[in-house]
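Dumped entry_18.txt below, it's compact mmCIF, C-alpha atoms:
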```txt
# COMPACT_ATOMS: atom_id res chain seq x y z
CA MET A 12 10.09 -1.51 20.45
CA ARG A 13 6.50 -1.77 19.26
CA LYS A 14 4.52 -4.86 20.20
CA ILE A 15 1.47 -6.43 18.64
CA LEU A 16 -0.54 -9.12 20.45
CA MET A 17 -2.48 -11.22 17.98
CA SER A 18 -4.96 -14.03 18.41
CA GLU A 19 -4.42 -17.36 16.75
CA LYS A 20 -7.03 -18.42 14.24
CA GLY A 21 -9.87 -20.25 15.95
CA GLU A 22 -8.64 -19.28 19.43
CA PHE A 23 -11.81 -17.35 20.19
CA LYS A 24 -15.32 -17.60 18.93
CA SER A 25 -15.53 -15.39 15.86
CA GLU A 26 -17.51 -12.21 16.49
CA GLY A 27 -18.04 -9.36 14.07
CA LYS A 28 -17.53 -9.40 10.33
CA THR A 29 -14.25 -8.67 8.57
CA ASP A 30 -14.49 -5.57 6.44
CA TYR A 31 -12.30 -6.46 3.46
CA LEU A 32 -12.57 -3.00 1.94
CA ARG A 33 -11.29 -1.41 5.15
CA SER A 34 -8.66 -4.10 5.52
CA THR A 35 -7.23 -3.47 2.04
CA ALA A 36 -7.42 0.31 2.51
CA VAL A 37 -5.58 0.13 5.87
CA LYS A 38 -2.84 -2.06 4.36
CA LYS A 39 -2.39 0.36 1.45
CA VAL A 40 -2.16 3.40 3.73
CA ALA A 41 0.29 1.64 6.06
CA SER A 42 2.54 0.62 3.18
CA MET A 43 2.49 4.22 1.96
CA ILE A 44 3.50 5.47 5.43
CA LYS A 45 6.27 2.84 5.59
CA ARG A 46 7.67 3.92 2.24
CA SER A 47 7.88 7.53 3.42
CA ASP A 48 9.34 6.53 6.79
CA LYS A 49 12.47 4.63 5.82
CA ASN A 50 14.49 5.96 8.76
CA SER A 51 12.22 4.47 11.39
CA ASP A 52 14.37 2.30 13.64
CA LYS A 53 11.53 0.96 15.78
CA GLU A 54 11.32 -2.80 15.76
CA VAL A 55 7.86 -4.36 15.54
CA VAL A 56 7.42 -7.69 17.32
CA ILE A 57 4.38 -9.93 16.97
CA TYR A 58 3.30 -12.07 19.91
CA ASN A 59 0.76 -14.86 20.03
CA LYS A 60 1.43 -15.78 23.64
CA GLY A 61 3.79 -15.23 26.53
CA ILE A 62 3.91 -11.47 26.05
CA ASN A 63 4.15 -10.75 29.77
CA ARG A 64 6.42 -13.64 30.72
CA LEU A 65 9.53 -11.46 30.63
CA LEU A 66 7.87 -8.74 32.61
CA ARG A 67 5.93 -10.46 35.36
CA MET B 18 -17.79 -7.03 0.70
CA LYS B 19 -18.01 -10.77 1.30
CA LYS B 20 -14.81 -12.80 1.62
CA VAL B 21 -15.73 -15.05 -1.33
CA LEU B 22 -16.36 -12.10 -3.65
CA TYR B 23 -13.19 -10.38 -2.47
CA SER B 24 -11.09 -13.52 -3.03
CA LEU B 25 -12.70 -14.25 -6.38
CA PHE B 26 -12.65 -10.83 -7.97
CA VAL B 27 -9.94 -8.78 -6.24
CA ASN B 28 -7.32 -10.75 -4.41
CA ASN B 29 -6.11 -13.65 -6.55
CA ARG B 30 -3.42 -14.40 -9.11
CA VAL B 31 -5.79 -14.99 -12.02
CA ILE B 32 -7.27 -11.49 -11.62
CA SER B 33 -3.77 -10.01 -11.34
CA PHE B 34 -2.77 -11.92 -14.48
CA ILE B 35 -5.75 -10.91 -16.64
CA SER B 36 -5.52 -7.33 -15.37
CA HIS B 37 -1.87 -7.04 -16.37
CA PRO B 38 -1.44 -4.05 -18.73
CA ALA B 39 0.87 -5.99 -21.13
CA LEU B 40 -1.83 -8.57 -21.63
CA GLY B 41 -4.40 -5.85 -22.29
CA VAL B 42 -2.16 -4.33 -24.96
CA ALA B 43 -1.04 -7.55 -26.71
CA ILE B 44 -4.04 -9.90 -26.70
CA PRO B 45 -6.95 -7.84 -28.19
CA PRO B 46 -5.09 -6.93 -31.46
CA VAL B 47 -3.95 -10.55 -31.96
CA ILE B 48 -7.46 -11.94 -31.40
CA GLY B 49 -8.99 -9.16 -33.53
CA LEU B 50 -6.59 -9.97 -36.33
CA TYR B 51 -7.44 -13.68 -36.11
CA TYR B 52 -11.21 -12.99 -36.21
CA GLY B 53 -10.71 -10.59 -39.14
CA THR B 54 -8.57 -13.08 -41.00
CA LEU B 55 -11.21 -15.82 -40.59
CA ASP B 56 -13.94 -13.44 -41.75
CA ILE B 57 -12.21 -11.91 -44.76
CA TRP B 58 -9.87 -14.58 -46.06
CA GLY B 59 -11.45 -17.67 -44.50
CA ASP B 60 -12.60 -19.10 -47.85
CA ASP B 61 -9.52 -18.08 -49.84
CA TRP B 62 -6.59 -19.13 -47.67
CA PRO B 63 -6.01 -22.90 -47.73
CA TRP B 64 -4.61 -23.10 -44.11
CA ILE B 65 -8.02 -21.88 -42.95
CA ALA B 66 -10.35 -23.40 -45.58
CA GLU B 67 -8.79 -26.87 -45.24
CA ASN B 68 -8.90 -26.85 -41.39
CA LYS B 69 -12.34 -25.38 -40.79
CA ASN B 70 -13.13 -27.68 -37.85
CA THR B 71 -9.95 -26.72 -36.02
CA HIS B 72 -10.57 -23.01 -36.58
CA GLU B 73 -14.18 -23.36 -35.47
CA THR B 74 -12.98 -24.88 -32.19
CA ILE B 75 -10.30 -22.20 -31.72
CA PHE B 76 -12.85 -19.49 -32.52
CA THR B 77 -15.39 -20.88 -30.03
CA ILE B 78 -12.77 -21.16 -27.27
CA LEU B 79 -11.43 -17.66 -27.91
CA ALA B 80 -14.92 -16.11 -28.13
CA SER B 81 -16.02 -17.84 -24.89
CA LEU B 82 -12.79 -16.80 -23.13
CA THR B 83 -13.17 -13.20 -24.32
CA VAL B 84 -16.74 -12.98 -22.98
CA ALA B 85 -15.78 -14.66 -19.68
CA ILE B 86 -12.70 -12.47 -19.18
CA LEU B 87 -14.63 -9.28 -19.98
CA PHE B 88 -17.32 -10.31 -17.48
CA VAL B 89 -14.81 -11.11 -14.70
CA LYS B 90 -12.80 -7.94 -15.44
CA ALA B 91 -15.92 -5.78 -15.26
CA ILE B 92 -16.83 -7.17 -11.81
CA SER B 93 -13.19 -6.96 -10.69
CA GLU B 94 -12.96 -3.31 -11.77
CA ALA B 95 -16.17 -2.51 -9.87
CA ALA B 96 -14.80 -4.23 -6.75
CA LYS B 97 -11.43 -2.49 -7.09
CA GLY B 98 -13.30 0.79 -7.47
CA ALA B 99 -14.99 0.14 -4.12
CA VAL B 100 -11.58 -0.63 -2.54
CA ASN B 101 -10.12 2.57 -4.02
CA ARG B 102 -13.03 4.63 -2.71
CA ARG B 103 -12.44 3.21 0.79
CA TYR B 104 -8.69 3.91 0.44
CA SER B 105 -9.40 7.51 -0.61
CA GLN B 106 -11.77 7.93 2.32
CA LEU B 107 -9.10 6.68 4.73
CA ILE B 108 -6.37 8.88 3.21
CA GLU B 109 -8.68 11.92 3.29
CA SER B 110 -9.50 11.33 6.97
CA MET B 111 -5.84 10.98 7.80
CA LEU B 112 -4.82 14.10 5.88
CA LEU B 113 -7.69 16.03 7.46
CA PHE B 114 -6.45 14.93 10.89
CA PHE B 115 -2.87 16.05 10.24
CA ASN B 116 -3.86 19.24 8.41
CA THR B 117 -6.24 20.46 11.11
CA LEU B 118 -3.47 20.05 13.70
CA VAL B 119 -1.18 22.26 11.64
CA LYS B 120 -3.96 24.75 10.92
CA LYS B 121 -4.88 25.05 14.59
CA LYS B 122 -1.26 25.90 15.46
CA LYS B 123 -0.84 28.19 12.50
CA ASP B 124 -3.97 30.16 13.40
CA ARG B 125 -2.83 30.52 17.00
CA PHE B 126 0.67 31.68 15.98
CA TYR B 127 -0.85 34.13 13.51
CA ASN B 128 -3.25 35.64 16.07
CA LYS B 129 -0.76 35.76 18.95
CA ALA B 130 2.12 37.13 16.87
CA LYS B 131 0.07 40.24 16.05
CA HIS B 132 -0.09 41.23 19.73
CA LEU B 133 3.36 40.19 20.98
CA LYS B 134 5.24 42.67 23.11
CA PRO B 135 9.08 42.77 23.28
CA SER B 136 9.02 41.93 26.99
CA GLY B 137 6.16 39.41 26.69
CA ASP B 138 6.46 35.72 27.51
CA VAL B 139 6.40 34.31 23.98
CA PHE B 140 6.58 30.65 25.08
CA ARG B 141 3.59 30.99 27.43
CA LEU B 142 1.58 32.87 24.83
CA ILE B 143 2.06 30.69 21.80
CA THR B 144 2.48 27.31 23.45
CA GLN B 145 -0.89 25.86 24.38
CA PRO B 146 -0.15 22.11 24.48
CA LYS B 147 -3.27 21.16 26.46
CA ASP B 148 -5.48 22.91 23.96
CA GLN B 149 -3.54 21.25 21.14
CA LEU B 150 -3.71 17.84 22.85
CA GLU B 151 -7.49 18.11 23.22
CA HIS B 152 -7.59 18.89 19.53
CA VAL B 153 -5.38 15.86 18.72
CA LEU B 154 -7.65 13.58 20.75
CA ASP B 155 -10.76 14.94 19.02
CA GLY B 156 -9.02 14.57 15.66
CA THR B 157 -8.10 10.98 16.49
CA LYS B 158 -11.71 10.23 17.36
CA ASN B 159 -12.91 11.75 14.08
CA PHE B 160 -10.29 9.76 12.17
CA LEU B 161 -11.50 6.53 13.78
CA ILE B 162 -15.11 7.39 12.91
CA ASP B 163 -14.63 8.67 9.36
CA GLY B 164 -11.56 6.70 8.32
CA LEU B 165 -12.01 3.35 10.02
CA GLY B 166 -15.78 3.32 10.40
CA ILE B 167 -15.76 2.96 14.21
CA ASP B 168 -18.95 3.89 16.01
CA THR B 169 -18.52 7.03 18.11
CA LYS B 170 -19.99 5.37 21.25
CA ASN B 171 -17.37 2.61 21.08
CA ILE B 172 -14.33 4.90 21.27
CA GLY B 173 -12.32 5.82 24.34
CA ILE B 174 -9.15 7.92 24.02
CA THR B 175 -7.23 9.01 27.10
CA VAL B 176 -3.90 10.28 28.33
CA ILE B 177 -2.96 9.09 31.82
CA GLN B 178 -0.29 11.05 33.63
CA GLY B 179 1.49 9.89 36.71
CA ASP B 180 4.10 10.40 39.32
CA PRO B 181 5.53 6.90 39.77
CA LYS B 182 7.55 7.87 42.88
CA SER B 183 4.40 8.69 44.85
CA ASN B 184 2.31 6.19 42.85
CA LYS B 185 -0.16 8.89 41.82
CA TRP B 186 -1.93 8.43 38.51
CA TRP B 187 -4.67 10.54 36.97
CA TYR B 188 -6.37 11.21 33.64
CA GLU B 189 -4.66 14.27 32.25
CA LEU B 190 -6.87 14.20 29.16
CA LYS B 191 -9.99 12.38 28.08
CA CYS B 192 -11.54 12.61 24.67
CA ASP B 193 -15.03 12.38 26.09
CA THR B 194 -15.23 13.87 29.58
CA GLN B 195 -18.78 12.53 30.08
CA LYS B 196 -17.62 8.93 29.74
CA GLN B 197 -16.84 6.93 32.87
CA HIS B 198 -13.39 5.36 32.85
CA THR B 199 -11.78 2.93 35.27
CA ARG B 200 -9.77 4.93 37.82
CA ALA B 201 -6.26 5.59 36.54
CA LYS B 202 -4.72 4.37 39.78
CA ASP B 203 -6.70 1.10 39.57
CA LEU B 204 -5.52 0.58 36.00
CA MET B 205 -1.90 1.23 36.85
CA SER B 206 -1.94 -1.11 39.84
CA SER B 207 -3.61 -3.98 37.94
CA LYS B 208 -2.60 -6.19 35.02
CA SER B 209 -3.80 -3.64 32.51
CA THR B 210 -2.50 -2.67 29.09
CA ALA B 211 -1.48 0.74 30.44
CA SER B 212 0.54 -0.74 33.32
CA TYR B 213 2.16 -3.24 30.94
CA CYS B 214 3.19 -0.36 28.68
CA TYR B 215 4.58 1.61 31.56
CA GLU B 216 6.56 -1.34 32.91
CA SER B 217 7.91 -2.55 29.56
CA GLY B 218 8.43 0.90 28.03
CA ASP B 219 7.04 -0.40 24.74
CA SER B 220 3.88 0.47 22.90
CA ILE B 221 1.41 -2.36 22.42
CA PHE B 222 -1.48 -3.02 20.09
CA ILE B 223 -3.92 -5.74 21.15
CA ALA B 224 -6.17 -6.55 18.22
CA ASP B 225 -8.64 -8.55 20.33
CA ILE B 226 -9.08 -7.62 24.00
CA ARG B 227 -10.08 -11.22 24.79
CA LYS B 228 -6.50 -12.20 23.95
CA GLY B 229 -5.26 -9.39 26.18
CA THR B 230 -7.32 -10.71 29.07
CA LYS B 231 -6.05 -14.24 28.45
CA GLU B 232 -2.44 -13.07 28.42
CA GLU B 233 -3.02 -10.84 31.46
CA VAL B 234 -2.20 -7.61 29.70
CA PHE B 235 -5.71 -6.21 29.67
CA PHE B 236 -7.86 -5.19 32.62
CA GLU B 237 -11.51 -6.09 32.10
CA SER B 238 -13.71 -3.20 33.10
CA GLU B 239 -17.48 -3.32 33.35
CA ARG B 240 -17.71 -1.65 29.98
CA SER B 241 -15.25 -3.93 28.19
CA SER B 242 -16.80 -7.08 29.63
CA LYS B 243 -20.22 -5.95 28.40
CA SER B 244 -18.86 -5.24 24.93
CA ARG B 245 -16.99 -8.59 24.84
CA ILE B 246 -14.85 -7.69 21.85
CA GLY B 247 -12.62 -4.74 21.00
CA SER B 248 -9.08 -3.54 20.35
CA ILE B 249 -6.67 -1.40 22.34
CA PHE B 250 -3.51 0.54 21.58
CA CYS B 251 -1.29 1.95 24.32
CA LYS B 252 1.91 3.95 24.11
CA PRO B 253 4.01 5.05 27.07
CA VAL B 254 5.70 8.43 26.87
CA ARG B 255 8.49 9.33 29.29
CA ILE B 256 9.85 12.83 29.02
CA THR B 257 12.76 14.12 31.04
CA VAL B 258 12.95 17.86 31.58
CA ASN B 259 16.09 18.83 33.44
CA ASN B 260 16.24 15.56 35.44
CA LEU B 261 12.51 15.63 36.19
CA GLU B 262 10.58 12.82 34.55
CA TYR B 263 7.06 13.19 33.21
CA VAL B 264 5.22 9.95 32.53
CA TYR B 265 2.19 9.54 30.29
CA ILE B 266 0.22 6.62 28.83
CA PHE B 267 -1.69 7.38 25.65
CA THR B 268 -4.53 4.95 25.00
CA ILE B 269 -6.93 4.35 22.14
CA ALA B 270 -9.58 1.80 23.10
CA VAL B 271 -12.41 0.52 20.96
CA PHE B 272 -15.07 -1.68 22.58
CA GLY B 273 -17.78 -3.57 20.70
CA GLN B 274 -15.86 -3.47 17.42
CA TYR B 275 -12.41 -4.44 16.20
CA LEU B 276 -9.97 -1.93 14.81
CA CYS B 277 -8.80 -4.67 12.47
CA SER B 278 -9.16 -8.40 11.94
CA PRO B 279 -7.35 -9.98 14.94
CA TYR B 280 -6.12 -12.96 12.90
CA ASP B 281 -4.66 -11.12 9.93
CA GLU B 282 -1.02 -10.35 10.72
CA GLU B 283 -0.59 -8.00 7.77
CA GLU B 284 -3.67 -6.03 8.75
CA CYS B 285 -2.64 -5.91 12.42
CA ARG B 286 0.78 -4.57 11.43
CA ALA B 287 -0.83 -2.00 9.12
CA CYS B 288 -3.34 -0.86 11.72
CA GLU B 289 -0.64 -0.59 14.39
CA LYS B 290 1.51 1.49 12.04
CA ILE B 291 -1.30 4.01 11.52
CA LEU B 292 -2.02 4.19 15.27
CA ASP B 293 1.70 4.68 15.95
CA GLU B 294 1.72 7.62 13.53
CA ILE B 295 -1.14 9.19 15.48
CA ALA B 296 0.63 8.49 18.79
CA ASP B 297 3.74 10.27 17.47
CA ARG B 298 1.68 13.48 17.13
CA VAL B 299 0.43 13.07 20.68
CA GLU B 300 3.98 12.46 21.94
CA LEU B 301 5.16 15.66 20.29
CA GLU B 302 2.53 17.70 22.10
CA LEU B 303 3.28 15.91 25.36
CA TYR B 304 6.86 17.19 25.13
CA LEU B 305 5.57 20.75 25.06
CA HIS B 306 3.05 19.95 27.77
CA SER B 307 5.82 18.66 30.04
CA MET B 308 8.04 21.66 29.42
CA LYS B 309 5.19 24.02 30.13
CA GLN B 310 4.26 22.12 33.32
CA TYR B 311 7.91 22.20 34.38
CA ARG B 312 8.05 25.95 33.89
CA GLU B 313 4.68 26.73 35.46
CA GLN B 314 5.40 24.59 38.52
CA GLY B 315 8.84 26.07 38.97
CA GLY B 316 10.69 22.84 38.24
CA LYS B 317 8.60 20.71 40.60
CA ALA B 318 7.00 17.39 39.74
CA ALA B 319 3.49 17.45 38.24
```
Rewrite the coordinates I just gave you, this time as structure tokens.
Amino acid sequence: MRKILMSEKGEFKSEGKTDYLRSTAVKKVASMIKRSDKNSDKEVVIYNKGINRLLR
Amino acid sequence: MKKVLYSLFVNNRVISFISHPALGVAIPPVIGLYYGTLDIWGDDWPWIAENKNTHETIFTILASLTVAILFVKAISEAAKGAVNRRYSQLIESMLLFFNTLVKKKKDRFYNKAKHLKPSGDVFRLITQPKDQLEHVLDGTKNFLIDGLGIDTKNIGITVIQGDPKSNKWWYELKCDTQKQHTRAKDLMSSKSTASYCYESGDSIFIADIRKGTKEEVFFESERSSKSRIGSIFCKPVRITVNNLEYVYIFTIAVFGQYLCSPYDEEECRACEKILDEIADRVELELYLHSMKQYREQGGKAA
């Protein structure tokens, strides 16, 4: 399993600017990788909280 | 690019609609024909001559729309060009990363194969996983700099190796040997991302380290607390060679900058996917590294 821990909007004081060019480029590259990697069986799970509750 | 400009000229339905190829093919001839008809037969054809006011209004609306659409499309194309240049830059960096890994191996095989002896130890000669791993780590750093625009001083890439039975942990590889890192043992015995990975067996991408600290899956070092913000990716690799387990934690940490916007789920997923691809290359070399260690240490633990 692959895990992603994300912040909720407004959870922390915003620092640093979002680079929309990089953001779009990253999304395009990732979708290209996904298309060529159809056999990947790894599940991706997004967490906003409680990521370590099961573990600790 | 500012969010407002990006939303106005690149990422909205109106832009997608006016940029649609079918519209570009169908509309200009129809409008051209209408303008031509007004100009040439305007005084002769009764349906135009008797409704001049209506046609004047239609003409004004169409002419204004044409100018406005051409203006918006021109800006949109320029903005899309900037996005495409960034995309090409990212793809080039990624291909360069993968290609140099292959080239490094190919060159070594080519040079070693020339001097192989029938009784020689081919595996020992051609398999240089540590050398290859150092190259992968350097390549990853270059990819982050050139492809994702991360500042070189903000990057930390490491491979921790350990013997869980004796609770020994050490840095098997560091991208920058000059940089001071928190002791591997301290990381593995605290609520760190690396120890979380090891315990859960799953890779994890934390887009904002502040969230990691809050959720107790990130250990705040002196460096990370100074930087305040950052992102971290960790992947555990467990390799069993003839009942002997080799354990590694591959980490990419960026302090002072984000690898992606921490609130954008799509971007977080995309960024994690790219980092996972890189980690797969590292994992492959770690397999060879483990097998070589196993052989060199006569089947004893690392």
Exercise for review: Can you check which residues of chain B have any atom within 8 Å of chain A? Use all atoms listed in the file and format it as JSON, numbers by chain.
Suggested key: {"B": [18, 19, 20, 23, 99, 100, 101, 103, 104, 107, 108, 165, 213, 216, 217, 219, 220, 221, 222, 223, 224, 225, 227, 228, 229, 232, 233, 234, 246, 274, 275, 277, 278, 279, 280, 282, 283, 284, 285, 286, 287, 288, 289, 290, 291]}
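Counting only C-alpha atoms, B:Glu300 has the following residues at most 10 Å away, ignoring those fewer than 2 positions along the same chain: Leu150, Lys252, Pro253, Val254, Arg255, Ile256, Tyr265, Ile266, Phe267, Glu294, Ile295, Ala296, Asp297, Arg298, Glu302, Leu303, Tyr304, Leu305 and His306 of chain B.
Distance-wise, atom CA of B:Ile226 and atom CA of B:Phe160 end up 21.1 Å apart.
For the pair atom CA of B:Ile65 and atom CA of B:Tyr52, the separation is 11.6 Å.
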Check your understanding: Just how far from atom CA of B:Thr74 is atom CA of B:Lys90, in Å to one decimal?
Key -> 23.8 Å
Point to revise | Near-stretch 188-199 of chain B list (12 Å; only C-alpha atoms; drop same-chain fewer than 3 positions) as a ChimeraX atom specification | key: /B:146-159,169-180,185,202-207,209,211,236-241,263-270,299,303,306-307,310,319
Practice item. Please identify all polymer residues within 12 Å of B:Thr54, counting only C-alpha atoms, omitting same-chain residues fewer than 4 positions from it, and present them as number ranges by chain. Key: B: 46-50, 58-62, 64-66, 72, 76
